[in-house]
>>> print(open('upload28.csv').read())   # CSV, C-alpha atoms
chain,number,residue,atom,x,y,z
A,1,MET,CA,-10.5,34.9,30.9
A,2,ASN,CA,-13.4,33.0,32.4
A,3,TYR,CA,-16.2,35.5,32.6
A,4,VAL,CA,-18.3,33.4,34.9
A,5,SER,CA,-15.5,32.9,37.5
A,6,ALA,CA,-14.7,36.6,37.3
A,7,ALA,CA,-18.4,37.5,37.8
A,8,ILE,CA,-18.6,35.2,40.8
A,9,ARG,CA,-15.6,36.9,42.3
A,10,ASP,CA,-16.8,40.4,41.5
A,11,THR,CA,-20.4,39.8,42.9
A,12,GLY,CA,-19.3,38.0,46.0
A,13,VAL,CA,-21.8,35.2,45.2
A,14,GLN,CA,-21.0,31.9,47.0
A,15,ALA,CA,-20.6,29.3,44.2
A,16,GLU,CA,-18.8,26.0,44.2
A,17,VAL,CA,-17.0,24.5,41.3
A,18,LEU,CA,-17.7,20.8,40.9
A,19,ASN,CA,-14.7,18.5,41.1
A,20,GLU,CA,-13.8,16.5,38.1
A,21,GLU,CA,-15.6,13.3,39.3
A,22,ASN,CA,-18.8,15.1,40.0
A,23,ARG,CA,-18.6,17.1,36.7
A,24,LYS,CA,-18.2,13.8,34.8
A,25,ALA,CA,-21.1,12.2,36.7
A,26,LEU,CA,-23.4,15.2,35.9
A,27,VAL,CA,-22.5,14.9,32.2
A,28,VAL,CA,-23.4,11.2,32.3
A,29,ARG,CA,-26.6,11.8,34.2
A,30,LEU,CA,-27.8,14.5,31.7
A,31,HIS,CA,-27.1,12.1,28.9
A,32,GLU,CA,-28.9,9.1,30.5
A,33,ARG,CA,-31.9,11.0,31.9
A,34,LEU,CA,-32.5,13.6,29.2
A,35,GLY,CA,-30.6,12.3,26.2
A,36,VAL,CA,-28.4,15.4,25.9
A,37,ASP,CA,-24.7,15.2,25.2
A,38,VAL,CA,-23.7,18.5,26.8
A,39,MET,CA,-20.1,18.0,25.8
A,40,SER,CA,-21.0,18.2,22.1
A,41,ARG,CA,-21.1,21.4,20.1
A,42,ALA,CA,-24.5,23.2,20.3
A,43,PRO,CA,-26.6,20.4,21.9
A,44,TRP,CA,-29.6,22.8,21.7
A,45,GLU,CA,-29.6,22.2,17.9
A,46,ARG,CA,-30.7,18.6,18.2
A,47,GLY,CA,-34.4,17.9,18.6
A,48,ARG,CA,-35.7,20.7,20.8
A,49,GLU,CA,-37.7,23.7,19.8
A,50,GLY,CA,-37.1,26.7,21.8
A,51,LYS,CA,-38.5,30.2,22.2
A,52,GLN,CA,-36.7,33.2,21.0
A,53,ARG,CA,-36.4,35.5,24.0
A,54,PRO,CA,-33.6,38.1,24.3
A,55,ASP,CA,-34.5,38.3,28.0
A,56,GLY,CA,-34.4,34.5,28.4
A,57,TRP,CA,-31.2,34.7,30.3
A,58,LYS,CA,-33.1,36.6,33.0
A,59,LEU,CA,-36.1,34.2,32.9
A,60,ILE,CA,-34.0,31.0,33.6
A,61,PRO,CA,-33.1,32.1,37.2
A,62,ASP,CA,-36.9,32.6,37.7
A,63,TYR,CA,-37.5,29.0,36.8
A,64,VAL,CA,-34.8,27.9,39.2
A,65,GLY,CA,-36.3,30.0,42.0
A,66,ALA,CA,-35.0,29.3,45.5
A,67,ASN,CA,-33.6,25.9,44.5
A,68,GLU,CA,-29.9,25.0,44.0
A,69,CYS,CA,-28.8,24.8,40.4
A,70,LEU,CA,-25.7,23.9,38.3
A,71,MET,CA,-24.5,26.1,35.5
A,72,PHE,CA,-22.0,25.6,32.8
A,73,LEU,CA,-21.0,26.9,29.4
A,74,GLU,CA,-20.8,25.0,26.1
A,75,GLY,CA,-18.7,21.8,26.5
A,76,ALA,CA,-19.3,21.6,30.3
A,77,ASP,CA,-15.6,21.9,31.1
A,78,GLU,CA,-16.4,23.6,34.3
A,79,VAL,CA,-19.6,23.4,36.3
A,80,TRP,CA,-20.6,25.9,39.0
A,81,LYS,CA,-23.1,25.2,41.8
A,82,PHE,CA,-25.3,28.1,42.9
A,83,ARG,CA,-27.5,28.2,46.0
A,84,SER,CA,-30.5,29.8,44.1
A,85,GLY,CA,-31.7,31.4,40.9
A,86,ARG,CA,-31.2,34.7,42.6
A,87,ASP,CA,-27.5,34.1,43.0
A,88,LEU,CA,-27.4,32.8,39.4
A,89,LEU,CA,-29.0,36.0,38.2
A,90,ARG,CA,-26.5,38.2,40.1
A,91,VAL,CA,-23.7,36.4,38.3
A,92,LEU,CA,-25.4,36.5,34.8
A,93,ASN,CA,-26.0,40.2,35.3
A,94,ASP,CA,-22.2,40.7,35.6
A,95,CYS,CA,-21.3,38.6,32.5
A,96,PRO,CA,-21.3,39.5,28.9
A,97,ALA,CA,-23.9,37.7,26.7
A,98,VAL,CA,-22.9,34.1,26.8
A,99,GLU,CA,-24.4,30.8,25.8
A,100,PHE,CA,-25.0,28.9,29.1
A,101,TYR,CA,-26.8,25.8,30.5
A,102,VAL,CA,-28.6,25.4,33.8
A,103,CYS,CA,-29.8,22.2,35.4
A,104,SER,CA,-30.7,20.5,38.6
A,105,GLY,CA,-28.2,18.2,40.3
A,106,ASP,CA,-30.4,15.2,39.6
A,107,ALA,CA,-30.7,16.2,35.9
A,108,SER,CA,-34.5,16.4,36.1
A,109,TYR,CA,-34.3,19.5,33.8
A,110,LEU,CA,-31.8,21.3,31.6
A,111,LEU,CA,-32.2,24.8,30.2
A,112,CYS,CA,-30.1,26.7,27.7
A,113,HIS,CA,-30.0,30.3,26.6
A,114,ASN,CA,-28.0,30.4,23.4
A,115,HIS,CA,-26.2,33.1,21.3
A,116,HIS,CA,-29.3,33.3,19.1
A,117,ASP,CA,-31.4,34.4,22.1
A,118,PHE,CA,-33.3,31.1,22.2
A,119,VAL,CA,-34.4,29.4,25.5
A,120,VAL,CA,-34.4,25.7,25.1
A,121,GLY,CA,-35.5,23.2,27.7
A,122,TRP,CA,-35.4,19.5,28.4
A,123,GLY,CA,-37.1,17.3,31.0
A,124,ALA,CA,-39.2,19.1,33.6
A,125,ALA,CA,-38.4,22.5,32.0
A,126,SER,CA,-39.8,21.6,28.5
A,127,GLU,CA,-43.4,22.6,29.3
A,128,TRP,CA,-42.2,25.8,30.9
A,129,VAL,CA,-40.3,26.8,27.8
A,130,GLN,CA,-43.2,25.9,25.6
A,131,ARG,CA,-45.4,28.3,27.6
A,132,LEU,CA,-43.0,31.2,26.9
A,133,TYR,CA,-43.9,33.4,24.0
A,134,ASN,CA,-41.6,34.5,21.2
A,135,THR,CA,-40.6,38.1,21.3
>>> encode(input="upload28.csv", output="structure tokens")
Amino acid sequence: MNYVSAAIRDTGVQAEVLNEENRKALVVRLHERLGVDVMSRAPWERGREGKQRPDGWKLIPDYVGANECLMFLEGADEVWKFRSGRDLLRVLNDCPAVEFYVCSGDASYLLCHNHHDFVVGWGAASEWVQRLYNT
């Protein structure tokens, strides 16, 4: 079962699933702008130092704030569009621990919270991640 879709349904959060054309365009944009192949296995392993934060999954919605964001799991097979970090957090609160990625529609940033409890950031989110402290 898809935990994210179930959490969206259970929480009543309004989230849109990108169609295939828009999903593919996002994957290309992330690769071109940030140099990240989100369809590969564990893209967080290549070239980025993160911060170990078991609570990192709760911090990422804070970074998003009131802005729209896109969220996907490893492989980016399905991409959900959320209205705000608050909506994202409501869904994440209802999911089991899962590796996930969050970005802006224009791919100016990409954030990951992985199964090792590391927060990794690219683009505009890089400095924010570097300011986090390890726990």
>>> closest_residue(input="upload28.csv", among="A:Phe72, A:Tyr63, A:Trp57, A:Phe100", to="Gly85 in chain A", atoms="only C-alpha atoms")
A:Tyr63
>>> atom_distance(input="upload28.csv", atom1="CA of Val17 in chain A", atom2="CA of Asp62 in chain A")
21.8 Å
>>> residues_around(input="upload28.csv", residues="Asp55 in chain A", least_positions_apart="2", cutoff="12 Å", atoms="all atoms listed in the file", output="list of chain:residue names")
A:Lys51, A:Gln52, A:Arg53, A:Trp57, A:Lys58, A:Leu59, A:Ile60, A:Pro61, A:Asp62, A:Leu89, A:Leu92, A:Asn93, A:Ala97, A:His113, A:Asn114, A:His115, A:His116, A:Asp117, A:Phe118, A:Val119, A:Leu132, A:Tyr133, A:Asn134, A:Thr135
>>> write_last_selection(input="upload28.csv", atoms="C-alpha atoms", output="compact mmCIF listing (two decimals), keeping the file's coordinate frame")
# COMPACT_ATOMS: atom_id res chain seq x y z
CA LYS A 51 -38.50 30.20 22.20
CA GLN A 52 -36.70 33.20 21.00
CA ARG A 53 -36.40 35.50 24.00
CA TRP A 57 -31.20 34.70 30.30
CA LYS A 58 -33.10 36.60 33.00
CA LEU A 59 -36.10 34.20 32.90
CA ILE A 60 -34.00 31.00 33.60
CA PRO A 61 -33.10 32.10 37.20
CA ASP A 62 -36.90 32.60 37.70
CA LEU A 89 -29.00 36.00 38.20
CA LEU A 92 -25.40 36.50 34.80
CA ASN A 93 -26.00 40.20 35.30
CA ALA A 97 -23.90 37.70 26.70
CA HIS A 113 -30.00 30.30 26.60
CA ASN A 114 -28.00 30.40 23.40
CA HIS A 115 -26.20 33.10 21.30
CA HIS A 116 -29.30 33.30 19.10
CA ASP A 117 -31.40 34.40 22.10
CA PHE A 118 -33.30 31.10 22.20
CA VAL A 119 -34.40 29.40 25.50
CA LEU A 132 -43.00 31.20 26.90
CA TYR A 133 -43.90 33.40 24.00
CA ASN A 134 -41.60 34.50 21.20
CA THR A 135 -40.60 38.10 21.30
>>> atom_distance(input="upload28.csv", atom1="CA of Asp106 in chain A", atom2="CA of Ala42 in chain A")
21.7 Å
>>> closest_residue(input="upload28.csv", among="A:Tyr109, A:Val98, A:Trp128, A:Asn19", to="Pro54 in chain A", atoms="all atoms listed in the file")
A:Val98
>>> closest_residue(input="upload28.csv", among="A:Asp10, A:Ala107, A:Arg90, A:Glu20", to="Gly123 in chain A", atoms="only C-alpha atoms")
A:Ala107
>>> closest_residue(input="upload28.csv", among="A:Arg41, A:Arg131, A:Arg29, A:Arg9", to="Gly105 in chain A", atoms="all atoms listed in the file")
A:Arg29
>>> residues_around(input="upload28.csv", residues="Gln130 in chain A", least_positions_apart="4", cutoff="9 Å", atoms="all atoms listed in the file", output="PDB file with C-alpha atoms, keeping the file's coordinate frame")
ATOM      1  CA  GLU A  49     -37.700  23.700  19.800  1.00  0.00           C
ATOM      2  CA  GLY A  50     -37.100  26.700  21.800  1.00  0.00           C
ATOM      3  CA  LYS A  51     -38.500  30.200  22.200  1.00  0.00           C
ATOM      4  CA  VAL A 120     -34.400  25.700  25.100  1.00  0.00           C
ATOM      5  CA  GLY A 121     -35.500  23.200  27.700  1.00  0.00           C
ATOM      6  CA  ALA A 125     -38.400  22.500  32.000  1.00  0.00           C
ATOM      7  CA  SER A 126     -39.800  21.600  28.500  1.00  0.00           C
TER       8      SER A 126
END
>>> atom_distance(input="upload28.csv", atom1="CA of Gly35 in chain A", atom2="CA of Asp77 in chain A")
18.5 Å
>>> closest_residue(input="upload28.csv", among="A:Val4, A:Ala66, A:Ala76, A:Val91", to="Val27 in chain A", atoms="all atoms listed in the file")
A:Ala76
>>> closest_residue(input="upload28.csv", among="A:Ala25, A:Gly75, A:Leu111, A:Cys95", to="Asp37 in chain A", atoms="all atoms listed in the file")
A:Gly75
>>> residues_around(input="upload28.csv", residues="Glu68 in chain A", least_positions_apart="3", cutoff="10 Å", atoms="all atoms listed in the file", output="MDAnalysis selection string")
chainID A and resid 64:65 81:88 103:105
>>> residues_near_point(input="upload28.csv", point="(-17.6, 31.9, 34.6)", cutoff="9 Å", atoms="all atoms listed in the file", output="list in words")
Met1, Asn2, Tyr3, Val4, Ser5, Ala6, Ala7, Ile8, Phe72, Leu73, Glu78, Val79, Trp80, Val91 and Cys95 of chain A
